[in-house]
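For reference, my_file-v4.txt (compact mmCIF, C-alpha atoms):
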```txt
# COMPACT_ATOMS: atom_id res chain seq x y z
CA MET A 28 0.00 0.00 0.00
CA ILE A 29 1.22 3.46 -0.89
CA ASN A 30 0.95 6.10 1.83
CA MET A 31 0.00 9.46 0.42
CA ALA A 32 0.17 12.92 1.93
CA VAL A 33 -0.61 16.37 0.66
CA ILE A 34 0.97 19.56 1.96
CA ILE A 35 -1.53 22.36 1.49
CA VAL A 36 0.32 25.65 1.57
CA ALA A 37 -1.57 28.72 2.73
CA GLY A 38 1.41 30.38 4.35
CA GLY A 39 4.27 32.63 3.46
CA SER A 40 5.03 36.12 4.64
CA GLY A 41 3.11 37.62 1.74
CA THR A 42 -0.20 36.94 3.43
CA ARG A 43 -0.77 39.50 6.15
CA MET A 44 -3.85 39.47 8.30
CA GLY A 45 -4.33 43.27 8.56
CA SER A 46 -7.90 44.37 8.08
CA ASP A 47 -8.53 41.96 5.20
CA ILE A 48 -9.30 38.31 5.64
CA PRO A 49 -6.62 36.23 3.87
CA LYS A 50 -7.94 34.66 0.67
CA GLN A 51 -7.82 31.10 2.02
CA PHE A 52 -10.40 32.02 4.67
CA LEU A 53 -12.86 33.87 2.43
CA LEU A 54 -16.28 32.34 2.11
CA LEU A 55 -16.85 30.33 -1.07
CA GLY A 56 -20.44 29.14 -1.17
CA ASN A 57 -21.18 27.81 2.31
CA LYS A 58 -17.64 27.59 3.76
CA PRO A 59 -14.12 29.03 3.60
CA VAL A 60 -11.98 28.40 0.52
CA LEU A 61 -9.49 26.24 2.41
CA MET A 62 -12.15 23.79 3.58
CA HIS A 63 -13.19 23.16 -0.01
CA THR A 64 -9.56 22.57 -0.93
CA ILE A 65 -9.03 20.04 1.85
CA GLU A 66 -12.28 18.21 1.11
CA VAL A 67 -11.37 17.48 -2.52
CA PHE A 68 -8.26 15.60 -1.38
CA LYS A 69 -10.34 13.63 1.11
CA GLN A 70 -12.82 12.84 -1.66
CA TYR A 71 -9.98 11.37 -3.70
CA ASP A 72 -8.75 9.27 -0.79
CA THR A 73 -10.23 9.28 2.69
CA GLN A 74 -6.85 8.01 4.00
CA MET A 75 -4.90 10.93 2.50
CA LYS A 76 -2.77 12.65 5.16
CA ILE A 77 -3.47 16.38 5.16
CA ILE A 78 -0.67 18.70 6.28
CA LEU A 79 -1.78 22.31 6.35
CA VAL A 80 0.87 25.04 6.37
CA LEU A 81 -0.44 28.27 7.90
CA PRO A 82 1.28 31.42 9.19
CA LYS A 83 1.57 31.05 12.95
CA TYR A 84 -0.68 34.03 13.67
CA GLN A 85 -3.50 32.51 11.59
CA ILE A 86 -3.67 29.18 13.39
CA ASP A 87 -6.02 30.42 16.11
CA TYR A 88 -8.34 31.94 13.53
CA TRP A 89 -8.38 28.69 11.55
CA THR A 90 -9.20 26.69 14.68
CA LYS A 91 -12.15 28.98 15.37
CA LEU A 92 -13.34 28.60 11.77
CA CYS A 93 -13.21 24.81 12.11
CA ILE A 94 -15.48 25.00 15.15
CA LYS A 95 -17.81 27.51 13.51
CA TYR A 96 -18.20 25.40 10.35
CA ASN A 97 -18.14 22.08 12.19
CA PHE A 98 -15.15 21.03 10.10
CA ASN A 99 -13.82 17.80 11.57
CA VAL A 100 -11.27 16.61 9.02
CA ASP A 101 -8.11 15.25 10.66
CA ILE A 102 -5.35 17.70 9.78
CA GLU A 103 -1.82 18.29 10.96
CA ILE A 104 -0.69 21.91 10.99
CA ALA A 105 2.79 23.25 10.22
CA CYS A 106 3.85 26.87 10.63
CA GLY A 107 4.53 28.91 7.52
CA GLY A 108 8.03 30.23 6.88
CA GLU A 109 9.35 33.51 5.55
CA THR A 110 9.17 32.19 1.98
CA ARG A 111 7.00 29.61 0.22
CA PHE A 112 10.13 27.45 -0.04
CA GLN A 113 10.52 27.49 3.73
CA SER A 114 6.80 26.84 4.22
CA VAL A 115 7.00 23.71 2.08
CA LYS A 116 10.08 22.58 4.04
CA ASN A 117 8.16 23.01 7.29
CA GLY A 118 5.33 20.90 5.85
CA LEU A 119 7.72 18.22 4.63
CA ALA A 120 9.08 17.87 8.17
CA LEU A 121 5.69 16.36 9.08
CA ALA A 122 5.55 14.04 6.05
CA LYS A 123 8.53 11.80 6.72
CA GLU A 124 6.70 8.46 6.78
CA PHE A 125 4.86 8.95 3.48
CA ASP A 126 5.72 7.47 0.07
CA VAL A 127 4.14 9.92 -2.33
CA ILE A 128 3.73 13.58 -1.39
CA GLY A 129 1.72 16.26 -3.11
CA ILE A 130 2.12 20.00 -2.62
CA HIS A 131 -0.96 22.11 -3.31
CA ASP A 132 -1.90 25.78 -3.14
CA GLY A 133 -4.49 26.36 -0.42
CA VAL A 134 -6.23 28.86 -2.69
CA ARG A 135 -6.93 26.31 -5.44
CA PRO A 136 -10.20 24.86 -4.12
CA LEU A 137 -11.46 23.84 -7.56
CA VAL A 138 -8.91 21.17 -8.28
CA SER A 139 -10.88 18.16 -9.48
CA VAL A 140 -10.71 14.71 -7.95
CA SER A 141 -9.59 13.40 -11.33
CA THR A 142 -6.72 15.91 -11.54
CA ILE A 143 -5.58 14.77 -8.08
CA ALA A 144 -5.89 11.14 -9.18
CA ARG A 145 -3.84 11.70 -12.34
CA CYS A 146 -1.07 13.43 -10.37
CA PHE A 147 -0.78 10.90 -7.55
CA GLU A 148 -1.06 7.89 -9.84
CA LYS A 149 1.55 9.14 -12.28
CA ALA A 150 3.98 10.13 -9.51
CA ALA A 151 3.52 6.77 -7.79
CA LEU A 152 4.56 5.04 -11.03
CA ASP A 153 7.15 7.47 -12.34
CA TYR A 154 8.48 9.74 -9.56
CA THR A 155 6.96 13.13 -10.50
CA ALA A 156 3.73 14.62 -11.86
CA VAL A 157 2.38 18.15 -12.24
CA PRO A 158 -0.98 19.12 -13.78
CA VAL A 159 -0.94 21.48 -16.75
CA ILE A 160 -3.39 23.21 -19.08
CA ASP A 161 -2.99 25.04 -22.38
CA PRO A 162 -2.61 28.82 -22.40
CA ILE A 163 -5.33 30.90 -24.09
CA ASP A 164 -3.21 33.95 -24.84
CA SER A 165 -0.09 34.22 -26.96
CA LEU A 166 3.09 34.45 -24.93
CA ARG A 167 6.31 36.39 -25.34
CA GLN A 168 9.66 35.92 -23.64
CA LEU A 169 11.75 38.95 -22.64
CA GLU A 170 15.33 38.90 -23.92
CA GLY A 171 17.27 41.95 -22.79
CA ASP A 172 15.47 45.00 -24.24
CA GLU A 173 13.56 42.88 -26.70
CA SER A 174 11.14 39.99 -26.64
CA LYS A 175 10.28 37.06 -28.87
CA ALA A 176 7.11 35.10 -29.53
CA LEU A 177 7.00 31.68 -27.90
CA THR A 178 5.39 28.80 -29.78
CA ARG A 179 2.15 28.58 -27.84
CA ALA A 180 1.60 24.93 -28.69
CA LYS A 181 4.78 24.14 -26.74
CA ILE A 182 3.86 26.06 -23.60
CA LYS A 183 1.86 24.71 -20.68
CA MET A 184 0.49 26.54 -17.66
CA VAL A 185 1.28 24.73 -14.46
CA GLN A 186 -1.21 24.13 -11.64
CA THR A 187 -1.05 22.15 -8.42
CA PRO A 188 -0.99 19.57 -6.80
CA GLN A 189 2.60 18.89 -7.79
CA VAL A 190 3.29 15.35 -6.67
CA PHE A 191 6.58 13.55 -6.05
CA GLN A 192 7.94 10.35 -4.57
CA ALA A 193 9.26 11.08 -1.10
CA SER A 194 12.97 10.44 -1.78
CA ILE A 195 12.95 13.05 -4.54
CA ILE A 196 11.05 15.84 -2.83
CA PHE A 197 13.08 15.57 0.38
CA LYS A 198 16.33 15.68 -1.59
CA ALA A 199 15.11 18.65 -3.64
CA TYR A 200 14.16 20.67 -0.57
CA ASN A 201 17.52 19.96 1.01
CA GLN A 202 19.03 22.53 -1.34
CA SER A 203 19.46 26.21 -0.59
CA TYR A 204 16.77 28.53 -1.90
CA ASN A 205 17.27 29.92 -5.40
CA ASN A 206 15.07 32.69 -6.76
CA PHE A 207 14.65 30.69 -9.97
CA PHE A 208 12.24 28.44 -8.04
CA THR A 209 8.68 29.44 -8.97
CA ASP A 210 7.04 26.16 -7.99
CA ASP A 211 7.93 22.75 -6.59
CA ALA A 212 8.56 21.28 -10.03
CA SER A 213 11.33 23.83 -10.61
CA VAL A 214 12.89 22.88 -7.25
CA VAL A 215 12.84 19.18 -8.17
CA GLU A 216 14.01 19.80 -11.70
CA SER A 217 17.06 21.67 -10.44
CA ILE A 218 18.46 18.45 -8.95
CA GLY A 219 18.12 16.69 -12.30
CA TYR A 220 14.75 14.95 -12.30
CA LYS A 221 12.38 14.90 -15.24
CA ILE A 222 8.98 16.44 -14.53
CA ASN A 223 6.02 14.45 -15.87
CA LEU A 224 3.07 16.50 -17.07
CA VAL A 225 -0.52 15.30 -16.66
CA LYS A 226 -3.80 16.94 -17.56
CA GLY A 227 -5.08 19.53 -15.09
CA ASN A 228 -8.56 21.06 -15.07
CA VAL A 229 -9.33 24.57 -16.27
CA GLU A 230 -11.46 25.35 -13.21
CA ASN A 231 -8.39 24.80 -11.00
CA ILE A 232 -7.65 28.51 -10.71
CA LYS A 233 -5.58 30.19 -8.01
CA ILE A 234 -7.75 32.61 -6.04
CA THR A 235 -5.71 35.78 -5.82
CA SER A 236 -8.27 38.55 -6.44
CA PRO A 237 -11.97 39.29 -5.82
CA ILE A 238 -12.81 38.32 -9.39
CA ASP A 239 -11.18 34.92 -8.89
CA LEU A 240 -13.52 34.32 -5.97
CA LYS A 241 -16.49 35.21 -8.19
CA ILE A 242 -15.25 32.77 -10.84
CA ALA A 243 -14.88 30.08 -8.20
CA GLU A 244 -18.43 30.75 -6.98
CA PHE A 245 -19.67 30.40 -10.53
CA TYR A 246 -17.97 27.03 -10.89
CA ILE A 247 -19.18 25.82 -7.49
CA CYS A 248 -22.76 26.75 -8.40
CA ASN A 249 -22.61 25.24 -11.89
CA THR A 250 -20.96 21.90 -11.29
CA MET B 28 -2.74 64.35 -37.97
CA ILE B 29 -2.41 60.58 -37.65
CA ASN B 30 -5.23 58.53 -39.12
CA MET B 31 -6.03 55.52 -37.03
CA ALA B 32 -8.03 52.39 -37.80
CA VAL B 33 -8.80 49.24 -35.90
CA ILE B 34 -9.59 45.90 -37.47
CA ILE B 35 -11.87 44.01 -35.11
CA VAL B 36 -11.71 40.33 -35.95
CA ALA B 37 -14.74 38.20 -35.17
CA GLY B 38 -14.31 35.86 -38.10
CA GLY B 39 -12.45 32.73 -39.05
CA SER B 40 -13.80 29.35 -39.95
CA GLY B 41 -13.61 28.21 -36.34
CA THR B 42 -16.74 30.15 -35.50
CA ARG B 43 -19.76 28.25 -36.73
CA MET B 44 -23.28 29.49 -36.32
CA GLY B 45 -24.92 26.09 -35.71
CA SER B 46 -27.44 26.16 -32.92
CA ASP B 47 -25.25 28.26 -30.67
CA ILE B 48 -24.91 32.00 -30.91
CA PRO B 49 -21.27 32.89 -31.65
CA LYS B 50 -19.54 34.39 -28.61
CA GLN B 51 -19.24 37.86 -30.16
CA PHE B 52 -23.04 38.15 -30.31
CA LEU B 53 -23.80 36.94 -26.78
CA LEU B 54 -25.43 39.42 -24.48
CA LEU B 55 -23.07 41.11 -22.03
CA GLY B 56 -25.04 43.39 -19.74
CA ASN B 57 -27.42 45.28 -21.99
CA LYS B 58 -25.94 44.53 -25.42
CA PRO B 59 -23.90 42.02 -27.45
CA VAL B 60 -20.21 41.56 -26.67
CA LEU B 61 -19.10 43.01 -30.01
CA MET B 62 -20.90 46.30 -29.43
CA HIS B 63 -19.02 46.81 -26.16
CA THR B 64 -15.75 46.10 -27.98
CA ILE B 65 -16.47 48.64 -30.70
CA GLU B 66 -17.58 51.31 -28.26
CA VAL B 67 -14.32 51.27 -26.28
CA PHE B 68 -12.38 52.17 -29.42
CA LYS B 69 -14.81 54.99 -30.14
CA GLN B 70 -14.40 56.19 -26.55
CA TYR B 71 -10.67 56.40 -27.11
CA ASP B 72 -11.10 58.34 -30.36
CA THR B 73 -14.41 59.24 -31.96
CA GLN B 74 -12.58 59.49 -35.31
CA MET B 75 -11.19 55.94 -35.11
CA LYS B 76 -12.06 53.98 -38.25
CA ILE B 77 -13.72 50.68 -37.31
CA ILE B 78 -13.31 47.75 -39.68
CA LEU B 79 -15.24 44.72 -38.54
CA VAL B 80 -14.34 41.31 -39.95
CA LEU B 81 -17.24 38.88 -39.78
CA PRO B 82 -17.92 35.52 -41.43
CA LYS B 83 -20.10 36.24 -44.46
CA TYR B 84 -23.07 34.23 -43.13
CA GLN B 85 -23.12 36.30 -39.92
CA ILE B 86 -23.38 39.72 -41.56
CA ASP B 87 -27.17 39.63 -41.85
CA TYR B 88 -27.51 38.63 -38.22
CA TRP B 89 -25.19 41.45 -37.16
CA THR B 90 -27.19 43.98 -39.18
CA LYS B 91 -30.38 42.85 -37.44
CA LEU B 92 -28.67 43.16 -34.04
CA CYS B 93 -27.60 46.72 -34.86
CA ILE B 94 -31.23 47.62 -35.60
CA LYS B 95 -32.50 45.83 -32.50
CA TYR B 96 -30.01 47.54 -30.20
CA ASN B 97 -30.15 50.87 -32.03
CA PHE B 98 -26.39 50.65 -32.59
CA ASN B 99 -25.44 53.44 -34.99
CA VAL B 100 -21.64 53.43 -34.97
CA ASP B 101 -20.16 53.90 -38.43
CA ILE B 102 -18.48 50.61 -39.32
CA GLU B 103 -17.06 49.07 -42.45
CA ILE B 104 -17.45 45.31 -42.74
CA ALA B 105 -15.01 42.84 -44.30
CA CYS B 106 -15.72 39.15 -44.83
CA GLY B 107 -13.83 36.65 -42.72
CA GLY B 108 -11.44 34.22 -44.40
CA GLU B 109 -10.68 30.55 -43.85
CA THR B 110 -8.04 31.42 -41.26
CA ARG B 111 -7.52 34.31 -38.86
CA PHE B 112 -4.54 35.31 -41.03
CA GLN B 113 -6.80 35.61 -44.07
CA SER B 114 -9.45 37.47 -42.05
CA VAL B 115 -6.90 40.10 -41.01
CA LYS B 116 -5.75 40.40 -44.65
CA ASN B 117 -9.35 41.01 -45.71
CA GLY B 118 -9.65 43.71 -43.05
CA LEU B 119 -6.37 45.32 -44.09
CA ALA B 120 -7.69 45.64 -47.64
CA LEU B 121 -10.11 48.26 -46.27
CA ALA B 122 -7.45 50.11 -44.24
CA LYS B 123 -5.17 51.35 -47.00
CA GLU B 124 -5.38 55.07 -46.27
CA PHE B 125 -4.60 54.81 -42.55
CA ASP B 126 -1.28 55.50 -40.80
CA VAL B 127 -1.54 53.42 -37.66
CA ILE B 128 -3.59 50.23 -37.62
CA GLY B 129 -4.69 48.15 -34.68
CA ILE B 130 -5.92 44.57 -34.81
CA HIS B 131 -8.20 43.48 -31.99
CA ASP B 132 -10.12 40.35 -31.00
CA GLY B 133 -13.87 40.97 -31.22
CA VAL B 134 -14.35 38.91 -28.07
CA ARG B 135 -12.18 41.20 -25.91
CA PRO B 136 -14.83 43.77 -24.90
CA LEU B 137 -13.06 44.71 -21.66
CA VAL B 138 -10.01 46.32 -23.17
CA SER B 139 -9.59 49.63 -21.37
CA VAL B 140 -9.39 53.00 -23.07
CA SER B 141 -5.98 53.46 -21.48
CA THR B 142 -4.69 50.16 -22.90
CA ILE B 143 -5.86 51.29 -26.35
CA ALA B 144 -4.18 54.67 -25.81
CA ARG B 145 -0.87 53.11 -24.76
CA CYS B 146 -0.86 50.83 -27.82
CA PHE B 147 -1.73 53.44 -30.44
CA GLU B 148 0.57 56.09 -28.94
CA LYS B 149 3.57 53.78 -28.71
CA ALA B 150 3.06 52.42 -32.24
CA ALA B 151 2.66 55.95 -33.64
CA LEU B 152 6.07 56.83 -32.18
CA ASP B 153 7.93 53.55 -32.60
CA TYR B 154 6.25 51.33 -35.22
CA THR B 155 4.78 48.53 -33.09
CA ALA B 156 3.00 47.98 -29.75
CA VAL B 157 1.24 45.07 -28.11
CA PRO B 158 -0.33 45.03 -24.63
CA VAL B 159 0.92 42.45 -22.15
CA ILE B 160 0.26 41.32 -18.60
CA ASP B 161 2.14 39.06 -16.19
CA PRO B 162 1.21 35.38 -15.95
CA ILE B 163 -0.19 34.10 -12.63
CA ASP B 164 0.76 30.44 -13.08
CA SER B 165 4.19 28.92 -13.54
CA LEU B 166 4.92 27.95 -17.14
CA ARG B 167 6.75 25.05 -18.73
CA GLN B 168 8.03 24.63 -22.27
CA LEU B 169 7.84 21.26 -24.01
CA GLU B 170 11.13 20.00 -25.45
CA GLY B 171 10.72 16.66 -27.18
CA ASP B 172 9.47 14.19 -24.56
CA GLU B 173 10.49 16.46 -21.73
CA SER B 174 9.74 19.97 -20.53
CA LYS B 175 11.57 22.69 -18.66
CA ALA B 176 10.49 25.48 -16.33
CA LEU B 177 10.42 28.93 -17.88
CA THR B 178 11.51 31.91 -15.79
CA ARG B 179 8.10 33.40 -15.11
CA ALA B 180 9.44 36.91 -14.57
CA LYS B 181 10.56 36.88 -18.22
CA ILE B 182 7.25 35.76 -19.69
CA LYS B 183 4.40 38.03 -20.70
CA MET B 184 0.88 37.13 -21.78
CA VAL B 185 -0.14 38.97 -24.90
CA GLN B 186 -3.50 40.66 -25.42
CA THR B 187 -4.89 42.88 -28.15
CA PRO B 188 -5.11 45.45 -29.72
CA GLN B 189 -1.81 44.84 -31.46
CA VAL B 190 -0.96 48.07 -33.21
CA PHE B 191 1.43 48.79 -36.07
CA GLN B 192 2.39 51.53 -38.46
CA ALA B 193 0.75 50.86 -41.82
CA SER B 194 3.91 50.18 -43.85
CA ILE B 195 4.91 47.39 -41.46
CA ILE B 196 1.62 45.60 -41.11
CA PHE B 197 0.94 45.58 -44.87
CA LYS B 198 4.42 44.20 -45.54
CA ALA B 199 3.99 41.56 -42.83
CA TYR B 200 0.68 40.35 -44.22
CA ASN B 201 2.13 40.13 -47.70
CA GLN B 202 3.90 36.94 -46.62
CA SER B 203 2.53 33.43 -46.97
CA TYR B 204 0.84 31.95 -43.93
CA ASN B 205 3.06 30.07 -41.51
CA ASN B 206 1.59 28.01 -38.67
CA PHE B 207 4.06 29.62 -36.29
CA PHE B 208 1.85 32.74 -36.42
CA THR B 209 -0.25 32.85 -33.26
CA ASP B 210 -0.97 36.57 -33.30
CA ASP B 211 -0.22 39.66 -35.35
CA ALA B 212 2.97 40.42 -33.43
CA SER B 213 4.41 37.07 -34.50
CA VAL B 214 3.55 37.87 -38.14
CA VAL B 215 5.29 41.25 -37.91
CA GLU B 216 8.25 39.85 -36.00
CA SER B 217 8.88 37.26 -38.70
CA ILE B 218 9.86 40.03 -41.13
CA GLY B 219 12.42 41.39 -38.68
CA TYR B 220 10.67 44.10 -36.68
CA LYS B 221 11.04 44.54 -32.94
CA ILE B 222 7.76 44.28 -31.01
CA ASN B 223 7.28 46.93 -28.32
CA LEU B 224 5.43 45.81 -25.22
CA VAL B 225 3.10 48.13 -23.32
CA LYS B 226 0.96 47.53 -20.25
CA GLY B 227 -2.36 45.81 -20.91
CA ASN B 228 -5.23 45.50 -18.41
CA VAL B 229 -6.05 42.28 -16.55
CA GLU B 230 -9.77 42.59 -17.30
CA ASN B 231 -9.01 42.40 -21.03
CA ILE B 232 -9.86 38.71 -21.24
CA LYS B 233 -10.79 36.80 -24.38
CA ILE B 234 -14.33 35.47 -24.10
CA THR B 235 -14.11 31.86 -25.20
CA SER B 236 -16.32 30.02 -22.70
CA PRO B 237 -19.48 30.58 -20.61
CA ILE B 238 -17.36 31.32 -17.54
CA ASP B 239 -15.50 34.04 -19.42
CA LEU B 240 -18.83 35.72 -20.11
CA LYS B 241 -19.65 35.57 -16.38
CA ILE B 242 -16.29 37.13 -15.56
CA ALA B 243 -16.92 39.87 -18.10
CA GLU B 244 -20.35 40.52 -16.56
CA PHE B 245 -18.71 40.81 -13.16
CA TYR B 246 -16.25 43.39 -14.48
CA ILE B 247 -18.94 45.33 -16.33
CA CYS B 248 -21.07 45.49 -13.16
CA ASN B 249 -18.15 46.41 -10.87
CA THR B 250 -16.35 49.11 -12.83
```
Translate this file's structure into structure tokens.
Amino acid sequence: MINMAVIIVAGGSGTRMGSDIPKQFLLLGNKPVLMHTIEVFKQYDTQMKIILVLPKYQIDYWTKLCIKYNFNVDIEIACGGETRFQSVKNGLALAKEFDVIGIHDGVRPLVSVSTIARCFEKAALDYTAVPVIDPIDSLRQLEGDESKALTRAKIKMVQTPQVFQASIIFKAYNQSYNNFFTDDASVVESIGYKINLVKGNVENIKITSPIDLKIAEFYICNT
Amino acid sequence: MINMAVIIVAGGSGTRMGSDIPKQFLLLGNKPVLMHTIEVFKQYDTQMKIILVLPKYQIDYWTKLCIKYNFNVDIEIACGGETRFQSVKNGLALAKEFDVIGIHDGVRPLVSVSTIARCFEKAALDYTAVPVIDPIDSLRQLEGDESKALTRAKIKMVQTPQVFQASIIFKAYNQSYNNFFTDDASVVESIGYKINLVKGNVENIKITSPIDLKIAEFYICNT
């Protein structure tokens, strides 16, 4: 039997409580974004270990939300670090006995069960898997003062969960931080592993603005 | 005085009437998408020449919509071709006496007046301008059976209008079609011109699905 865990990252120093509620706690339909996110992983596999990475000052608030919404999913909580890289490291520290480990953005509540399945199944067989979709817009790459068109058919937009066999992800996160790292795949790739791409789902957007929350509500109401 | 024209492309063989209403005719707020698109260009400059490229079989329907919605903007219509490339060529055939020519997707009704201004002003001074925004997701480029992470900070997502001085755009569209062409900038670039990038606006989405129409409605109602 393969033991699976997912590290759901809702941390990092970028998220400040201030007067605004952090995106992961905003109400989407009948409950906060983060509860939707967690539930999809449990729908895929009720045995999935959930490790939630939250900034330390948000943990109390989260606990209160769980009581308010009667949210009883068994979760282990890690404290967020100064960077996303450090937050993932802190999550990994709680995932040592697992075989296949996913890393997912807390603010992607619309990941589908089938996207999760494709990622975990591919990684279990072949070390790595990240979900991708096709871009709609044309893309250009900056080169000094100029830019050049990229061949759109060769470009993929990367979502999460990004899933890896344990030996690989622990080794990758043993490196020092490099500002080239934009996601976990780039961290793993930098130690020489091939990244397998699987099909994501277009609804699996990252909620980073009020309009994204409206889009998510639309999907929740229409699926 | 600089004479400006915009070719608004809502053609191409990909758009079939069938039982569904083509996206450019769907109702957004109180009128069809395409009417919003046209009006933004007129807001930027009431003298802007509007050349609308429509599949031949849709022209009658469009004329009826203009009567129904009392839409009296002065427009010249060109027939769409088999490909987007041919549609733009057909539009250009009606733009011969203009100095600076923009090409815009009919299904981008949320382009802002300031995006249009930035594009036309930059192209008037320096030959070319396309509006771009930063990607949210990480991106990967396929290379044979593998893929590699792109440096996200160096990638831009390209919108429209893409604006060019007349001499350049006519020369560019005098070439044969190449399937590397994904937008007008790539056509112009292929004859050796540098493409200037200006700031687009995030709301300037391309309406290609029902959810995109919902997003557009949200923006229309909240701005």
- Surrounding residues of region 49-58 of chain A excluding itself and chain neighbours under 3 positions, 8 Å, all atoms listed in the file, as a PyMOL selection string: chain A and resi 37+42-44+61-63+89+96+133-134+234-235+240+243-244+247-248
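CA of Val140 (chain B) lies 14.6 Å from CA of Met31 (chain B).
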Find the residues of region 161-243 of chain A that sit at most 12 Å from region 207-222 of chain B; for each, write down the nearest two atoms and how far apart they are in Å, to one decimal. Count only C-alpha atoms. Sort by chain, then by number going up, and give it as a Markdown table.
```
| residue | atom | partner | partner_atom | distance |
| --- | --- | --- | --- | --- |
| A:Pro162 | CA | B:Thr209 | CA | 11.8 |
| A:Ile163 | CA | B:Thr209 | CA | 10.7 |
| A:Asp164 | CA | B:Thr209 | CA | 9.0 |
| A:Ser165 | CA | B:Thr209 | CA | 6.4 |
| A:Leu166 | CA | B:Thr209 | CA | 9.1 |
| A:Arg167 | CA | B:Ser213 | CA | 9.4 |
| A:Gln168 | CA | B:Ile222 | CA | 11.3 |
| A:Leu169 | CA | B:Ile222 | CA | 10.7 |
| A:Glu170 | CA | B:Lys221 | CA | 11.5 |
| A:Asp172 | CA | B:Lys221 | CA | 9.8 |
| A:Glu173 | CA | B:Lys221 | CA | 6.9 |
| A:Ser174 | CA | B:Ile222 | CA | 7.0 |
| A:Lys175 | CA | B:Glu216 | CA | 7.9 |
| A:Ala176 | CA | B:Ser213 | CA | 6.0 |
| A:Leu177 | CA | B:Ser213 | CA | 8.9 |
| A:Thr178 | CA | B:Phe207 | CA | 6.7 |
| A:Arg179 | CA | B:Thr209 | CA | 7.3 |
| A:Ala180 | CA | B:Phe207 | CA | 9.3 |
| A:Lys181 | CA | B:Phe207 | CA | 11.0 |
```
- Message: as a list in words, please: the residues near region 64-74 of chain A (cut-off 9 Å, only C-alpha atoms, same-chain neighbours under 4 positions excluded).
- Response: Asn30, Met31, Ala32, Val33, Ile35, Val60, Leu79, Val100, His131, Asp132, Gly133, Val134, Arg135, Pro136, Leu137, Val138, Ser139, Val140, Ser141, Ile143 and Ala144 of chain A
Sphere at (-2.2, 20.2, 8.3), radius 10 Å, counting all atoms listed in the file: residues as a compact mmCIF listing (two decimals) with C-alpha atoms, in the coordinates of the input:
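Written file, point_19.txt:
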```txt
# COMPACT_ATOMS: atom_id res chain seq x y z
CA ALA A 32 0.17 12.92 1.93
CA VAL A 33 -0.61 16.37 0.66
CA ILE A 34 0.97 19.56 1.96
CA ILE A 35 -1.53 22.36 1.49
CA VAL A 36 0.32 25.65 1.57
CA ILE A 65 -9.03 20.04 1.85
CA LYS A 76 -2.77 12.65 5.16
CA ILE A 77 -3.47 16.38 5.16
CA ILE A 78 -0.67 18.70 6.28
CA LEU A 79 -1.78 22.31 6.35
CA VAL A 80 0.87 25.04 6.37
CA LEU A 81 -0.44 28.27 7.90
CA VAL A 100 -11.27 16.61 9.02
CA ASP A 101 -8.11 15.25 10.66
CA ILE A 102 -5.35 17.70 9.78
CA GLU A 103 -1.82 18.29 10.96
CA ILE A 104 -0.69 21.91 10.99
CA ALA A 105 2.79 23.25 10.22
CA CYS A 106 3.85 26.87 10.63
CA GLY A 118 5.33 20.90 5.85
CA LEU A 121 5.69 16.36 9.08
```
- Item | Among listed residues A:Glu109, A:Glu230, A:Asp153, A:Glu148, nearest chain B (using all atoms listed in the file) | A:Glu230
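The spacing separating CA of Ser194 (chain B) from CA of Asp126 (chain B) amounts to 8.0 Å.
Between CA of Val159 (chain B) and CA of Phe112 (chain A) lies a distance of 28.3 Å.
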- May I have the residues within 10 Å of Lys226 (chain B) as a ChimeraX atom specification, using only C-alpha atoms and disregarding those fewer than 6 positions away in the same chain? /B:141-143,145-146,156-161,185-186
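With all atoms listed in the file as the atoms that count, the residue of A:Gln113, A:Asn97, A:Asn249, A:Gln192 with the shortest distance to chain B is A:Asn249.
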- Query: Near Ile29 (chain B), counting all atoms listed in the file, which residues have an atom at most 8 Å away, once you skip same-chain residues fewer than 5 positions from it, shown as a VMD selection string?
  - Reply: chain B and resid 125 to 127 151
Serialized region 110-122 of chain A w/ C-alpha atoms as a PDB file, in the first residue's frame:
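See decode_31.pdb below for the written result:
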```pdb
ATOM      1  CA  THR A 110       9.172  32.187   1.981  1.00  0.00           C
ATOM      2  CA  ARG A 111       6.998  29.613   0.223  1.00  0.00           C
ATOM      3  CA  PHE A 112      10.128  27.448  -0.045  1.00  0.00           C
ATOM      4  CA  GLN A 113      10.525  27.486   3.729  1.00  0.00           C
ATOM      5  CA  SER A 114       6.796  26.842   4.223  1.00  0.00           C
ATOM      6  CA  VAL A 115       6.997  23.707   2.083  1.00  0.00           C
ATOM      7  CA  LYS A 116      10.083  22.582   4.037  1.00  0.00           C
ATOM      8  CA  ASN A 117       8.156  23.007   7.287  1.00  0.00           C
ATOM      9  CA  GLY A 118       5.327  20.902   5.846  1.00  0.00           C
ATOM     10  CA  LEU A 119       7.717  18.219   4.627  1.00  0.00           C
ATOM     11  CA  ALA A 120       9.081  17.871   8.171  1.00  0.00           C
ATOM     12  CA  LEU A 121       5.688  16.357   9.084  1.00  0.00           C
ATOM     13  CA  ALA A 122       5.550  14.036   6.052  1.00  0.00           C
TER      14      ALA A 122
END
```
